[in-house]
Amino acid sequence: MGKTLFDKVWDAHVVTEVAGGNQVLYIDRHLIHEVTSPQAFNGLRRRGLPLFRRDRIVATADHNVPTKDQDKPIAEPLSRKQVSMLTENCEAFGVELYGLGHPYQGIVHVIGPELGITRPGITMVCGDSHTSTHGAFGAVAFGIGTSQVEQVMATQCLLLTKPKKMRISVEGTLQAGVTAKDVILYVISRLGTGGGTGYFVEYAGSAIRSLSMEGRMTVCNMSIEMGARGGLIAPDQTTFDYLEGREFSPKGADWEAAVDYWKSLPSDEDAVFDVEHTFRAEDIMPMVTYGTNPGMGMGVTESIPEENAIHNAASVQKAMKYMGLTAGKPLQDMPIDYVFIGSCTNSRIEDLRAVSQMVAGQKVADNVTAIVVPGSQQVARQAIAEGLDKTLMAAGFEFRGAGCSACLGMNEDKVPAGKYCVSTSNRNFEGRQGPGARTILASPLTAAAAAITGKVTDVREMLQLNIEH
């Protein structure tokens, strides 16, 4: 029997089997940030342990960093303390840190791929659930808890139970205005936030293969939102073209050898998955969420369901109370207050280019506060070099420094209570963007359209207008 991509990578990293069905898995790359690392470093100190392989660890500050005045001391006390602790710990243990002011600083799941640290065929972990992003390259990448961060620091291994395997195929051609973000929101709306629990998901099919690496990262990023342990996509020429020439990608003969190995990784034709799902790309329209988890999603022209196969009436009613909405009514044309374009889901240069093109020559609606937050300093520099910042600011967007920003209420960029924010981030939980904030998840194109019109908008209408003019 053939092997899946997941099997090939996972099995190659098993150090030993442990009684009871567990395995010791070797970890190739460990990314850390300021939120989940302090306790792990303190644990090493208490036990008198060194880092086992500090050359396999890369640190950056992202969750707590301000996105304005990054050259000044952090004003918010808790954020300042966490970022300072990361700096002190990295100095004490000799860990490479891309902190504020470093040209490589940024969201951990953005800098890994753009620097060539993320590669096909490796195992990769971080104390952050959206580590699944890196699976877009054919890596087995997943988030871990703080105690596991310490385990990897001390041993470069983890004790784990191997997940089951799921394949989700999306076949066909996406409509104009439908993006990778819409694809994954659609999938989660059909399978629910528990649909992937216990599984590692491989995304396949012609629509997935047609995506850029940025799009593939968006899809894999949100695997965790349907309960999956992680998501991954088979490496192909798109992958190789993206990685070639990156700062830490292999060079010369090493590059050729690496590509030869990477070409062996895709799932064998006779590989067997525990569960398979197939969706038609043509069925997917621009998506928005209406509730308080990413599974509460629908097409932008549809009405909020009173209940469905995934969410019962009670859960919808609870979400409606928090969101201030009414089941059975549409979201289209509803006024909004904020637009946030950023996060590890949608803050790469491709996202910023798409938004800039959408809003060029137009103005953000008077009732909307709109911010764009690049995912890294490299993305910010590239956007400035291409003049995207000028286009965005001319339209009325704020163009900020790199960081996680308004994806989560852990820094200064919070959405006020009761306000509606169309957000390109990955979670719409109660209070996720700040106490009482109401989040509508969407693609960068849909978010850009909302910023200009001041309301939830079917971006396909704006694209048609642009074509006609």
# chains A, B, ... in the order shown; residues from 1 in each chain; ligands from 1

$ residues_around --residues "Phe340 (chain A)" --least-positions-apart "5" --cutoff "12 Å" --atoms "only C-alpha atoms" --output "PyMOL selection string"
chain A and resi 345-347+352+355+368-374+397-400+404-408+413-415+420-426+433+439-451

$ residues_around --residues "Arg53 (chain A)" --least-positions-apart "4" --cutoff "12 Å" --atoms "only C-alpha atoms" --output "list in words"
Tyr26, Ile27, Asp28, Arg29, His30, Leu49, Ile57, Val58, Phe93, Gly94, Val95, Glu96, Gln151, Val152, Met153, Ala154, Thr155, Gln156 and Cys157 of chain A

$ write_last_selection --atoms "C-alpha atoms" --output "mmCIF file, in the first residue's frame"
data_model
loop_
_atom_site.group_PDB
_atom_site.id
_atom_site.type_symbol
_atom_site.label_atom_id
_atom_site.label_comp_id
_atom_site.auth_asym_id
_atom_site.auth_seq_id
_atom_site.Cartn_x
_atom_site.Cartn_y
_atom_site.Cartn_z
ATOM 1 C CA TYR A 26 11.989 14.465 15.993
ATOM 2 C CA ILE A 27 11.367 18.168 15.301
ATOM 3 C CA ASP A 28 13.412 19.909 12.595
ATOM 4 C CA ARG A 29 12.404 23.512 13.206
ATOM 5 C CA HIS A 30 11.089 25.297 16.283
ATOM 6 C CA LEU A 49 18.850 22.196 31.302
ATOM 7 C CA ILE A 57 15.147 27.630 17.028
ATOM 8 C CA VAL A 58 14.158 31.006 15.590
ATOM 9 C CA PHE A 93 20.218 31.060 25.831
ATOM 10 C CA GLY A 94 21.855 32.198 22.592
ATOM 11 C CA VAL A 95 18.719 32.027 20.425
ATOM 12 C CA GLU A 96 18.476 33.951 17.138
ATOM 13 C CA GLN A 151 10.098 19.605 25.723
ATOM 14 C CA VAL A 152 11.323 20.590 22.264
ATOM 15 C CA MET A 153 13.806 23.057 23.736
ATOM 16 C CA ALA A 154 15.231 20.329 25.979
ATOM 17 C CA THR A 155 15.129 17.318 23.630
ATOM 18 C CA GLN A 156 14.218 18.433 20.078
ATOM 19 C CA CYS A 157 11.515 15.746 20.272
#

$ residues_around --residues "region 455-463 of chain A" --least-positions-apart "6" --cutoff "9 Å" --atoms "only C-alpha atoms" --output "VMD selection string"
chain A and resid 176 to 178 286 to 288 300 to 301 331 to 337 358 365 368 422 445 to 449

$ residues_around --residues "Ser210 (chain A)" --least-positions-apart "3" --cutoff "12 Å" --atoms "only C-alpha atoms" --output "ChimeraX atom specification"
/A:170-174,179-180,203-207,213-216,233,236-239,281

$ write_last_selection --atoms "N, CA and C atoms" --output "PDB file, in the first residue's frame"
ATOM      1  N   VAL A 170     -10.655  19.956  -3.656  1.00  0.00           N
ATOM      2  CA  VAL A 170     -11.483  21.008  -4.243  1.00  0.00           C
ATOM      3  C   VAL A 170     -11.177  21.007  -5.740  1.00  0.00           C
ATOM      4  N   GLU A 171     -12.159  20.605  -6.521  1.00  0.00           N
ATOM      5  CA  GLU A 171     -11.951  20.422  -7.959  1.00  0.00           C
ATOM      6  C   GLU A 171     -12.683  21.507  -8.743  1.00  0.00           C
ATOM      7  N   GLY A 172     -12.062  21.954  -9.828  1.00  0.00           N
ATOM      8  CA  GLY A 172     -12.713  22.922 -10.697  1.00  0.00           C
ATOM      9  C   GLY A 172     -12.030  24.274 -10.677  1.00  0.00           C
ATOM     10  N   THR A 173     -12.734  25.283 -11.178  1.00  0.00           N
ATOM     11  CA  THR A 173     -12.181  26.630 -11.318  1.00  0.00           C
ATOM     12  C   THR A 173     -12.962  27.611 -10.447  1.00  0.00           C
ATOM     13  N   LEU A 174     -12.257  28.389  -9.661  1.00  0.00           N
ATOM     14  CA  LEU A 174     -12.888  29.372  -8.786  1.00  0.00           C
ATOM     15  C   LEU A 174     -13.435  30.546  -9.600  1.00  0.00           C
ATOM     16  N   THR A 179     -11.420  33.709  -3.493  1.00  0.00           N
ATOM     17  CA  THR A 179     -10.010  33.530  -3.161  1.00  0.00           C
ATOM     18  C   THR A 179      -9.804  32.309  -2.275  1.00  0.00           C
ATOM     19  N   ALA A 180      -8.537  32.071  -1.932  1.00  0.00           N
ATOM     20  CA  ALA A 180      -8.197  30.963  -1.039  1.00  0.00           C
ATOM     21  C   ALA A 180      -8.914  31.083   0.301  1.00  0.00           C
ATOM     22  N   TYR A 203      -4.839  18.857   1.549  1.00  0.00           N
ATOM     23  CA  TYR A 203      -5.683  19.532   0.579  1.00  0.00           C
ATOM     24  C   TYR A 203      -5.193  19.196  -0.819  1.00  0.00           C
ATOM     25  N   ALA A 204      -6.129  18.834  -1.688  1.00  0.00           N
ATOM     26  CA  ALA A 204      -5.762  18.391  -3.030  1.00  0.00           C
ATOM     27  C   ALA A 204      -6.814  18.870  -4.020  1.00  0.00           C
ATOM     28  N   GLY A 205      -6.629  18.509  -5.270  1.00  0.00           N
ATOM     29  CA  GLY A 205      -7.579  18.884  -6.309  1.00  0.00           C
ATOM     30  C   GLY A 205      -7.085  20.031  -7.162  1.00  0.00           C
ATOM     31  N   SER A 206      -7.696  20.200  -8.318  1.00  0.00           N
ATOM     32  CA  SER A 206      -7.217  21.193  -9.280  1.00  0.00           C
ATOM     33  C   SER A 206      -7.307  22.618  -8.763  1.00  0.00           C
ATOM     34  N   ALA A 207      -8.341  22.940  -7.976  1.00  0.00           N
ATOM     35  CA  ALA A 207      -8.465  24.302  -7.452  1.00  0.00           C
ATOM     36  C   ALA A 207      -7.369  24.610  -6.443  1.00  0.00           C
ATOM     37  N   MET A 213       1.457  30.169  -3.557  1.00  0.00           N
ATOM     38  CA  MET A 213       1.904  29.739  -2.225  1.00  0.00           C
ATOM     39  C   MET A 213       1.225  30.543  -1.137  1.00  0.00           C
ATOM     40  N   GLU A 214       0.992  31.840  -1.388  1.00  0.00           N
ATOM     41  CA  GLU A 214       0.287  32.655  -0.394  1.00  0.00           C
ATOM     42  C   GLU A 214      -1.119  32.108  -0.162  1.00  0.00           C
ATOM     43  N   GLY A 215      -1.801  31.740  -1.238  1.00  0.00           N
ATOM     44  CA  GLY A 215      -3.130  31.174  -1.113  1.00  0.00           C
ATOM     45  C   GLY A 215      -3.120  29.842  -0.388  1.00  0.00           C
ATOM     46  N   ARG A 216      -2.145  29.019  -0.679  1.00  0.00           N
ATOM     47  CA  ARG A 216      -2.031  27.723  -0.009  1.00  0.00           C
ATOM     48  C   ARG A 216      -1.782  27.902   1.482  1.00  0.00           C
ATOM     49  N   ILE A 233      -0.176  20.538   1.938  1.00  0.00           N
ATOM     50  CA  ILE A 233      -0.383  20.480   0.496  1.00  0.00           C
ATOM     51  C   ILE A 233       0.896  19.948  -0.132  1.00  0.00           C
ATOM     52  N   ASP A 236       5.121  21.191  -5.189  1.00  0.00           N
ATOM     53  CA  ASP A 236       5.204  21.077  -6.641  1.00  0.00           C
ATOM     54  C   ASP A 236       6.045  22.239  -7.168  1.00  0.00           C
ATOM     55  N   GLN A 237       5.985  22.502  -8.451  1.00  0.00           N
ATOM     56  CA  GLN A 237       6.838  23.544  -9.022  1.00  0.00           C
ATOM     57  C   GLN A 237       6.524  24.912  -8.433  1.00  0.00           C
ATOM     58  N   THR A 238       5.264  25.147  -8.086  1.00  0.00           N
ATOM     59  CA  THR A 238       4.892  26.409  -7.429  1.00  0.00           C
ATOM     60  C   THR A 238       5.661  26.575  -6.123  1.00  0.00           C
ATOM     61  N   THR A 239       5.781  25.486  -5.381  1.00  0.00           N
ATOM     62  CA  THR A 239       6.524  25.485  -4.116  1.00  0.00           C
ATOM     63  C   THR A 239       7.996  25.780  -4.357  1.00  0.00           C
ATOM     64  N   ALA A 281     -15.322  23.686  -6.860  1.00  0.00           N
ATOM     65  CA  ALA A 281     -14.880  25.081  -6.780  1.00  0.00           C
ATOM     66  C   ALA A 281     -15.976  26.034  -7.247  1.00  0.00           C
TER      67      ALA A 281
END

$ atom_distance --atom1 "CA of Glu225 (chain A)" --atom2 "CA of Arg353 (chain A)"
25.9 Å

$ closest_atom_pairs --of "region 203-261 of chain A" --to "region 184-193 of chain A" --cutoff "7 Å" --atoms "only C-alpha atoms" --output "CSV"
residue,atom,partner,partner_atom,distance
A:Val219,CA,A:Ile184,CA,5.4
A:Met222,CA,A:Ile184,CA,6.9
A:Glu225,CA,A:Thr193,CA,5.7
A:Met226,CA,A:Thr193,CA,3.7
A:Gly227,CA,A:Thr193,CA,5.6

$ select_by_dssp --residues "region 152-343 of chain A" --states "strand (DSSP E)" --output "number ranges by chain"
A: 157-160, 164-171, 199-204, 230-232, 275-280, 287-289, 297-299, 338-341

$ closest_atom_pairs --of "region 18-126 of chain A" --to "region 247-253 of chain A" --cutoff "8 Å" --atoms "only C-alpha atoms" --output "CSV"
residue,atom,partner,partner_atom,distance
A:Leu115,CA,A:Glu247,CA,5.2
A:Gly116,CA,A:Ser249,CA,4.7
A:Ile117,CA,A:Phe248,CA,5.8
A:Arg119,CA,A:Ser249,CA,8.0

$ select_by_dssp --residues "region 174-347 of chain A" --states "helix (DSSP H, G or I)" --output "PyMOL selection string"
chain A and resi 180-191+206-209+213-226+237-243+252-262+281-283+313-323

$ residues_around --residues "region 79-84 of chain A" --least-positions-apart "4" --cutoff "6 Å" --atoms "only C-alpha atoms" --output "PyMOL selection string"
chain A and resi 34+64+74

$ residues_around --residues "Tyr261 (chain A)" --least-positions-apart "6" --cutoff "12 Å" --atoms "only C-alpha atoms" --output "list in words"
Lys8, Val9, Arg119, Pro120, Gly121, Ile122, Gly138, Pro235, Asp236, Phe240, Asp254 and Trp255 of chain A

$ write_last_selection --atoms "C-alpha atoms" --output "PDB file, in the first residue's frame"
ATOM      1  CA  LYS A   8       6.119   9.987   4.428  1.00  0.00           C
ATOM      2  CA  VAL A   9       7.117  13.015   6.473  1.00  0.00           C
ATOM      3  CA  ARG A 119      10.618  23.712   3.684  1.00  0.00           C
ATOM      4  CA  PRO A 120       8.923  20.586   2.337  1.00  0.00           C
ATOM      5  CA  GLY A 121       9.462  17.344   4.215  1.00  0.00           C
ATOM      6  CA  ILE A 122      10.314  18.802   7.612  1.00  0.00           C
ATOM      7  CA  GLY A 138       4.465  19.873   2.386  1.00  0.00           C
ATOM      8  CA  PRO A 235       4.991  20.389  -2.904  1.00  0.00           C
ATOM      9  CA  ASP A 236       5.204  21.077  -6.641  1.00  0.00           C
ATOM     10  CA  PHE A 240      10.011  25.215  -5.572  1.00  0.00           C
ATOM     11  CA  ASP A 254      22.183  21.310  -1.974  1.00  0.00           C
ATOM     12  CA  TRP A 255      19.218  22.951  -3.699  1.00  0.00           C
TER      13      TRP A 255
END

$ residues_around --residues "His277 (chain A)" --least-positions-apart "4" --cutoff "8 Å" --atoms "only C-alpha atoms" --output "list in words"
Met166, Arg167, Ile168 and Ser169 of chain A

$ closest_residue --among "A:Ala402, A:Leu392, A:Ala234, A:Ile349" --to "Val65 (chain A)" --atoms "only C-alpha atoms"
A:Ala402

$ decode --residues "region 70-84 of chain A" --atoms "all heavy atoms" --output "PDB file, in the first residue's frame"
ATOM      1  N   GLN A  70       6.880  51.902  16.200  1.00  0.00           N
ATOM      2  CA  GLN A  70       7.648  50.724  16.621  1.00  0.00           C
ATOM      3  C   GLN A  70       9.077  51.063  17.051  1.00  0.00           C
ATOM      4  O   GLN A  70       9.758  50.219  17.630  1.00  0.00           O
ATOM      5  CB  GLN A  70       7.660  49.667  15.506  1.00  0.00           C
ATOM      6  CG  GLN A  70       6.309  49.000  15.304  1.00  0.00           C
ATOM      7  CD  GLN A  70       6.376  47.823  14.339  1.00  0.00           C
ATOM      8  OE1 GLN A  70       7.215  47.776  13.442  1.00  0.00           O
ATOM      9  NE2 GLN A  70       5.481  46.863  14.519  1.00  0.00           N
ATOM     10  N   ASP A  71       9.505  52.288  16.769  1.00  0.00           N
ATOM     11  CA  ASP A  71      10.833  52.712  17.184  1.00  0.00           C
ATOM     12  C   ASP A  71      10.844  53.250  18.615  1.00  0.00           C
ATOM     13  O   ASP A  71      11.906  53.587  19.157  1.00  0.00           O
ATOM     14  CB  ASP A  71      11.368  53.783  16.236  1.00  0.00           C
ATOM     15  CG  ASP A  71      10.449  55.006  16.154  1.00  0.00           C
ATOM     16  OD1 ASP A  71       9.230  54.841  16.359  1.00  0.00           O
ATOM     17  OD2 ASP A  71      10.954  56.105  15.868  1.00  0.00           O
ATOM     18  N   LYS A  72       9.659  53.324  19.231  1.00  0.00           N
ATOM     19  CA  LYS A  72       9.563  53.845  20.598  1.00  0.00           C
ATOM     20  C   LYS A  72       9.289  52.708  21.582  1.00  0.00           C
ATOM     21  O   LYS A  72       8.864  51.619  21.184  1.00  0.00           O
ATOM     22  CB  LYS A  72       8.425  54.879  20.675  1.00  0.00           C
ATOM     23  CG  LYS A  72       8.655  56.096  19.780  1.00  0.00           C
ATOM     24  CD  LYS A  72       7.468  57.042  19.841  1.00  0.00           C
ATOM     25  CE  LYS A  72       7.688  58.235  18.904  1.00  0.00           C
ATOM     26  NZ  LYS A  72       6.508  59.150  18.886  1.00  0.00           N
ATOM     27  N   PRO A  73       9.542  52.922  22.879  1.00  0.00           N
ATOM     28  CA  PRO A  73       9.238  51.891  23.885  1.00  0.00           C
ATOM     29  C   PRO A  73       7.764  51.499  23.836  1.00  0.00           C
ATOM     30  O   PRO A  73       6.897  52.342  23.584  1.00  0.00           O
ATOM     31  CB  PRO A  73       9.591  52.574  25.214  1.00  0.00           C
ATOM     32  CG  PRO A  73      10.583  53.620  24.848  1.00  0.00           C
ATOM     33  CD  PRO A  73      10.174  54.105  23.484  1.00  0.00           C
ATOM     34  N   ILE A  74       7.480  50.209  24.066  1.00  0.00           N
ATOM     35  CA  ILE A  74       6.101  49.724  24.058  1.00  0.00           C
ATOM     36  C   ILE A  74       5.350  50.326  25.241  1.00  0.00           C
ATOM     37  O   ILE A  74       5.792  50.218  26.390  1.00  0.00           O
ATOM     38  CB  ILE A  74       6.064  48.188  24.115  1.00  0.00           C
ATOM     39  CG1 ILE A  74       6.767  47.608  22.880  1.00  0.00           C
ATOM     40  CG2 ILE A  74       4.628  47.668  24.202  1.00  0.00           C
ATOM     41  CD1 ILE A  74       6.917  46.105  22.905  1.00  0.00           C
ATOM     42  N   ALA A  75       4.213  50.935  24.958  1.00  0.00           N
ATOM     43  CA  ALA A  75       3.479  51.654  26.006  1.00  0.00           C
ATOM     44  C   ALA A  75       2.702  50.715  26.928  1.00  0.00           C
ATOM     45  O   ALA A  75       2.664  50.918  28.147  1.00  0.00           O
ATOM     46  CB  ALA A  75       2.521  52.662  25.364  1.00  0.00           C
ATOM     47  N   GLU A  76       2.074  49.705  26.371  1.00  0.00           N
ATOM     48  CA  GLU A  76       1.207  48.818  27.152  1.00  0.00           C
ATOM     49  C   GLU A  76       2.076  47.934  28.057  1.00  0.00           C
ATOM     50  O   GLU A  76       2.953  47.212  27.578  1.00  0.00           O
ATOM     51  CB  GLU A  76       0.371  47.964  26.205  1.00  0.00           C
ATOM     52  CG  GLU A  76      -0.921  47.441  26.796  1.00  0.00           C
ATOM     53  CD  GLU A  76      -0.718  46.158  27.581  1.00  0.00           C
ATOM     54  OE1 GLU A  76      -0.019  45.274  27.084  1.00  0.00           O
ATOM     55  OE2 GLU A  76      -1.255  46.078  28.691  1.00  0.00           O
ATOM     56  N   PRO A  77       1.874  47.970  29.388  1.00  0.00           N
ATOM     57  CA  PRO A  77       2.797  47.318  30.330  1.00  0.00           C
ATOM     58  C   PRO A  77       2.989  45.821  30.121  1.00  0.00           C
ATOM     59  O   PRO A  77       4.131  45.337  30.119  1.00  0.00           O
ATOM     60  CB  PRO A  77       2.172  47.607  31.704  1.00  0.00           C
ATOM     61  CG  PRO A  77       1.345  48.838  31.492  1.00  0.00           C
ATOM     62  CD  PRO A  77       0.817  48.733  30.099  1.00  0.00           C
ATOM     63  N   LEU A  78       1.905  45.056  29.957  1.00  0.00           N
ATOM     64  CA  LEU A  78       2.037  43.607  29.801  1.00  0.00           C
ATOM     65  C   LEU A  78       2.754  43.254  28.511  1.00  0.00           C
ATOM     66  O   LEU A  78       3.624  42.381  28.486  1.00  0.00           O
ATOM     67  CB  LEU A  78       0.659  42.935  29.837  1.00  0.00           C
ATOM     68  CG  LEU A  78       0.661  41.406  29.670  1.00  0.00           C
ATOM     69  CD1 LEU A  78       1.500  40.739  30.754  1.00  0.00           C
ATOM     70  CD2 LEU A  78      -0.761  40.861  29.683  1.00  0.00           C
ATOM     71  N   SER A  79       2.408  43.951  27.449  1.00  0.00           N
ATOM     72  CA  SER A  79       3.074  43.715  26.166  1.00  0.00           C
ATOM     73  C   SER A  79       4.564  44.022  26.282  1.00  0.00           C
ATOM     74  O   SER A  79       5.418  43.259  25.793  1.00  0.00           O
ATOM     75  CB  SER A  79       2.443  44.587  25.066  1.00  0.00           C
ATOM     76  OG  SER A  79       1.113  44.211  24.831  1.00  0.00           O
ATOM     77  N   ARG A  80       4.889  45.150  26.914  1.00  0.00           N
ATOM     78  CA  ARG A  80       6.287  45.531  27.086  1.00  0.00           C
ATOM     79  C   ARG A  80       7.056  44.463  27.871  1.00  0.00           C
ATOM     80  O   ARG A  80       8.181  44.099  27.514  1.00  0.00           O
ATOM     81  CB  ARG A  80       6.371  46.878  27.802  1.00  0.00           C
ATOM     82  CG  ARG A  80       7.807  47.407  27.944  1.00  0.00           C
ATOM     83  CD  ARG A  80       7.818  48.835  28.447  1.00  0.00           C
ATOM     84  NE  ARG A  80       7.261  48.959  29.791  1.00  0.00           N
ATOM     85  CZ  ARG A  80       6.127  49.593  30.076  1.00  0.00           C
ATOM     86  NH1 ARG A  80       5.407  50.150  29.112  1.00  0.00           N
ATOM     87  NH2 ARG A  80       5.687  49.673  31.321  1.00  0.00           N
ATOM     88  N   LYS A  81       6.424  43.937  28.918  1.00  0.00           N
ATOM     89  CA  LYS A  81       7.077  42.922  29.741  1.00  0.00           C
ATOM     90  C   LYS A  81       7.329  41.646  28.944  1.00  0.00           C
ATOM     91  O   LYS A  81       8.418  41.066  29.020  1.00  0.00           O
ATOM     92  CB  LYS A  81       6.224  42.611  30.965  1.00  0.00           C
ATOM     93  CG  LYS A  81       6.843  41.570  31.893  1.00  0.00           C
ATOM     94  CD  LYS A  81       5.982  41.335  33.123  1.00  0.00           C
ATOM     95  CE  LYS A  81       6.636  40.294  34.045  1.00  0.00           C
ATOM     96  NZ  LYS A  81       5.795  40.022  35.245  1.00  0.00           N
ATOM     97  N   GLN A  82       6.328  41.204  28.169  1.00  0.00           N
ATOM     98  CA  GLN A  82       6.487  39.940  27.433  1.00  0.00           C
ATOM     99  C   GLN A  82       7.569  40.056  26.359  1.00  0.00           C
ATOM    100  O   GLN A  82       8.371  39.140  26.177  1.00  0.00           O
ATOM    101  CB  GLN A  82       5.152  39.522  26.813  1.00  0.00           C
ATOM    102  CG  GLN A  82       4.160  38.995  27.849  1.00  0.00           C
ATOM    103  CD  GLN A  82       3.036  38.201  27.221  1.00  0.00           C
ATOM    104  OE1 GLN A  82       2.332  38.705  26.358  1.00  0.00           O
ATOM    105  NE2 GLN A  82       2.849  36.971  27.668  1.00  0.00           N
ATOM    106  N   VAL A  83       7.588  41.180  25.648  1.00  0.00           N
ATOM    107  CA  VAL A  83       8.599  41.354  24.605  1.00  0.00           C
ATOM    108  C   VAL A  83       9.994  41.479  25.233  1.00  0.00           C
ATOM    109  O   VAL A  83      10.975  40.922  24.718  1.00  0.00           O
ATOM    110  CB  VAL A  83       8.270  42.588  23.735  1.00  0.00           C
ATOM    111  CG1 VAL A  83       9.412  42.878  22.766  1.00  0.00           C
ATOM    112  CG2 VAL A  83       6.964  42.361  22.972  1.00  0.00           C
ATOM    113  N   SER A  84      10.077  42.155  26.374  1.00  0.00           N
ATOM    114  CA  SER A  84      11.365  42.272  27.071  1.00  0.00           C
ATOM    115  C   SER A  84      11.858  40.917  27.553  1.00  0.00           C
ATOM    116  O   SER A  84      13.056  40.604  27.453  1.00  0.00           O
ATOM    117  CB  SER A  84      11.239  43.224  28.264  1.00  0.00           C
ATOM    118  OG  SER A  84      10.951  44.536  27.839  1.00  0.00           O
TER     119      SER A  84
END
